[in-house]
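One structure is given below, encoded as structure tokens.
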Amino acid sequence: MAFRFVPGRATRRAASGAVRILRATAKANAAAARRTGALMQRGAEAMRTEEPAHTPLGRFIEVDGVRVHAIVRGKGRPVVLIHGNGTMAEDFVICGLVEQLAKSYRVIAIDRPGFGHTERPRHWVWTAAAQARLVGHVLAALNVERPVVVGHSWGTIVALALAINEGIDLRGLVLLSGYYYPGRRADVALIAPLAVPGVGDAARAMMPGAVGQMLAPQVFRHVFKPQPVPARFTARFPVALSLSATQARASAEDTASMNTAAALLQPRYAGLRLPVAILSGDADAVVDPGEQSCRLHAEVAGSTLTLLPGQGHMIHYSAKARILRAVEAQMALNGRTLAWRSR
């Protein structure tokens, strides 16, 4: 005899309840997906529409389909300035370095991709090598030959990539407060999620602009210490532009890729064959000079090392005279033969 199970009323109610729960869960998941998509869309729209107004100090050069902002001053042999993370070429104007160098040289300070007024198209991955290639093409467009390249902080990675990867004839490198070797850094781990396309845009879009404005003074105190934040920096640095959607994405992506960029360059340091001046403050709270600058000096034949007592990370404000002397020393090496030796 065959038996057929006939569900009772309680069973039918349980099944019906389960169906309702599944339907409600599906609706909730769909709603969450729509909200996530909306946040990502808002983040993308913020990247396009929420850039604060700030008058550029320089000119625009379009290379490789990218609109690049460069501040050009003075006449003579060229000096190229490459800024660090979270800042822009205008920082070199505010500190007075552009004005001092322009008395003797042609100075070109370039906004790296996504910083200041330079675009950062999403269809490229903006590694240090890609940024160096763009800088090289900008220099070619401006007819810059055999420059001394000055890099600060993250900009030292781009300066080294320019010397190592691009085959450009450089007169020399002046590296300020640089990061040259990968290491464990809390800022890299914390900011990595903000560098993920879409997700990072959504997360940054949810942060009110007032929060960034509130935190900025604390960040500035950290990067300048033990020196106080200079009054001219407080008065003139375009904080709103530095917190814009484009620059926030650029800062997150560059921070997240910093260790990889240094690791890719590290095997090539010993092969550098050009004058390299390394300067760092021995009280730098952002980059350890012993782990970075001193180690690079030991590896790069013919390099010079200047450790500035009591100076912090922003030595282009507190030690301009030493930087000027380093550039002048590079220029004075013109026509001389340097004896490269292995360490």
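Residue numbering restarts at 1 in every chain; chains get A, B, ... in the order shown in the structure tokens, and ligands count up from 1 in that same order.
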
- Polymer residues at most 7 Å from region 144-155 of chain A, only C-alpha atoms, same-chain spacing of 4 or more positions, as a list in words: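 Within the cut-off, the hits are Arg77, Pro78, Val79, Val80, Leu81, Ile82, His83, Gly84, Asn85, Leu139, Ala140, Ala159, Asp169, Leu170, Arg171, Gly172, Leu173, Val174, Leu175, Leu176, Ser177, Gly178 and Tyr179 of chain A.
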
- Task: Please provide as a list in words all residues within 9 Å of Ile61 (chain A), with the sequence filter that same-chain residues fewer than 3 positions apart are discarded (counting only C-alpha atoms).
- Result: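 Contacts, in chain order: Val66, Arg67, Val68, His69, Ala70, Val138, Ala141 and Leu142 of chain A.
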
- Query: Can you tell me, as a VMD selection string, what residues are no more than 8 Å from Ala270 (chain A) when counting only C-alpha atoms, ignoring any on the same chain fewer than 2 positions away?
  - Reply: chain A and resid 267 to 268 272 299 to 301

- Item | Residue list (alpha helix (DSSP H), DSSP) for region 232-340 of chain A, as a PyMOL selection string | chain A and resi 232-236+239-242+245-256+258-265+295-299+315-318+320-332

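Candidate residues A:Leu274, A:Met258, A:Leu134, A:Ala285 were compared for distance to Val219 (chain A), and the nearest is A:Ala285, using only C-alpha atoms.
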
- CA of Val135 (chain A) and CA of Glu90 (chain A) are how many Å apart?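 Rounded to one decimal, the two atoms are 16.4 Å apart.
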
- Excluding Gly86 (chain A) and any residue of its chain fewer than 4 positions from it, enumerate the residues within 12 Å of it, using only C-alpha atoms, and give them as a PyMOL selection string. chain A and resi 90-91+111-116+152-155+216+219-220+223+237-255

- Task: Could you check which of A:Val63, A:Met314, A:Ile157, A:Val107 is closest to Arg221 (chain A), using only C-alpha atoms?
- Result: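 Closest to Arg221 (chain A), using only C-alpha atoms: A:Met314.
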
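Residue-level DSSP output for region 236-307 of chain A, from the backbone, shows strand (DSSP E or B) at A:Val276, A:Ala277, A:Ile278, A:Leu279, A:Ser280, A:Gly281, A:Thr304, A:Leu305, A:Thr306, A:Leu307.
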
- Task: Mind checking which residues fall within 8 Å of region 94-100 of chain A, counting only C-alpha atoms, ignoring those fewer than 3 positions away in the same chain, and posting them as a ChimeraX atom specification?
- Result: /A:73,90-91,103-104,107,109,232-233,236-237,316-317,320,324

Suppose we keep N, CA and C atoms; can you now write the selection as an mmCIF file, in the first residue's frame?
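Saved the output as part.cif:
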data_model
loop_
_atom_site.group_PDB
_atom_site.id
_atom_site.type_symbol
_atom_site.label_atom_id
_atom_site.label_comp_id
_atom_site.auth_asym_id
_atom_site.auth_seq_id
_atom_site.Cartn_x
_atom_site.Cartn_y
_atom_site.Cartn_z
ATOM 1 N N ARG A 73 59.062 78.471 -13.415
ATOM 2 C CA ARG A 73 59.597 79.779 -13.052
ATOM 3 C C ARG A 73 61.088 79.835 -13.380
ATOM 4 N N GLU A 90 52.256 73.229 -5.504
ATOM 5 C CA GLU A 90 52.139 74.542 -4.861
ATOM 6 C C GLU A 90 52.839 74.583 -3.512
ATOM 7 N N ASP A 91 53.006 73.439 -2.880
ATOM 8 C CA ASP A 91 53.710 73.368 -1.598
ATOM 9 C C ASP A 91 55.131 73.908 -1.726
ATOM 10 N N LYS A 103 65.963 82.025 -8.898
ATOM 11 C CA LYS A 103 66.943 83.103 -9.045
ATOM 12 C C LYS A 103 68.113 82.677 -9.927
ATOM 13 N N SER A 104 68.370 81.363 -9.977
ATOM 14 C CA SER A 104 69.517 80.858 -10.740
ATOM 15 C C SER A 104 69.160 79.823 -11.786
ATOM 16 N N VAL A 107 62.921 76.405 -12.990
ATOM 17 C CA VAL A 107 62.304 75.485 -12.030
ATOM 18 C C VAL A 107 60.975 74.981 -12.578
ATOM 19 N N ALA A 109 57.921 72.623 -11.232
ATOM 20 C CA ALA A 109 57.268 71.854 -10.166
ATOM 21 C C ALA A 109 55.998 71.243 -10.744
ATOM 22 N N ARG A 232 53.036 80.581 7.208
ATOM 23 C CA ARG A 232 52.752 80.735 5.779
ATOM 24 C C ARG A 232 52.067 79.500 5.208
ATOM 25 N N PHE A 233 52.362 78.330 5.773
ATOM 26 C CA PHE A 233 51.672 77.112 5.349
ATOM 27 C C PHE A 233 50.208 77.187 5.764
ATOM 28 N N ARG A 236 48.360 79.733 3.533
ATOM 29 C CA ARG A 236 48.319 79.625 2.075
ATOM 30 C C ARG A 236 48.037 78.235 1.522
ATOM 31 N N PHE A 237 48.250 77.184 2.306
ATOM 32 C CA PHE A 237 48.065 75.844 1.741
ATOM 33 C C PHE A 237 46.587 75.587 1.461
ATOM 34 N N HIS A 316 61.881 70.883 3.421
ATOM 35 C CA HIS A 316 61.894 71.943 2.410
ATOM 36 C C HIS A 316 61.371 73.255 2.985
ATOM 37 N N TYR A 317 60.789 73.213 4.180
ATOM 38 C CA TYR A 317 60.429 74.433 4.905
ATOM 39 C C TYR A 317 61.544 74.841 5.873
ATOM 40 N N LYS A 320 65.780 74.998 3.807
ATOM 41 C CA LYS A 320 65.886 75.369 2.386
ATOM 42 C C LYS A 320 67.338 75.624 1.973
ATOM 43 N N LEU A 324 69.231 74.029 -1.226
ATOM 44 C CA LEU A 324 69.819 74.863 -2.276
ATOM 45 C C LEU A 324 71.278 74.493 -2.497
#
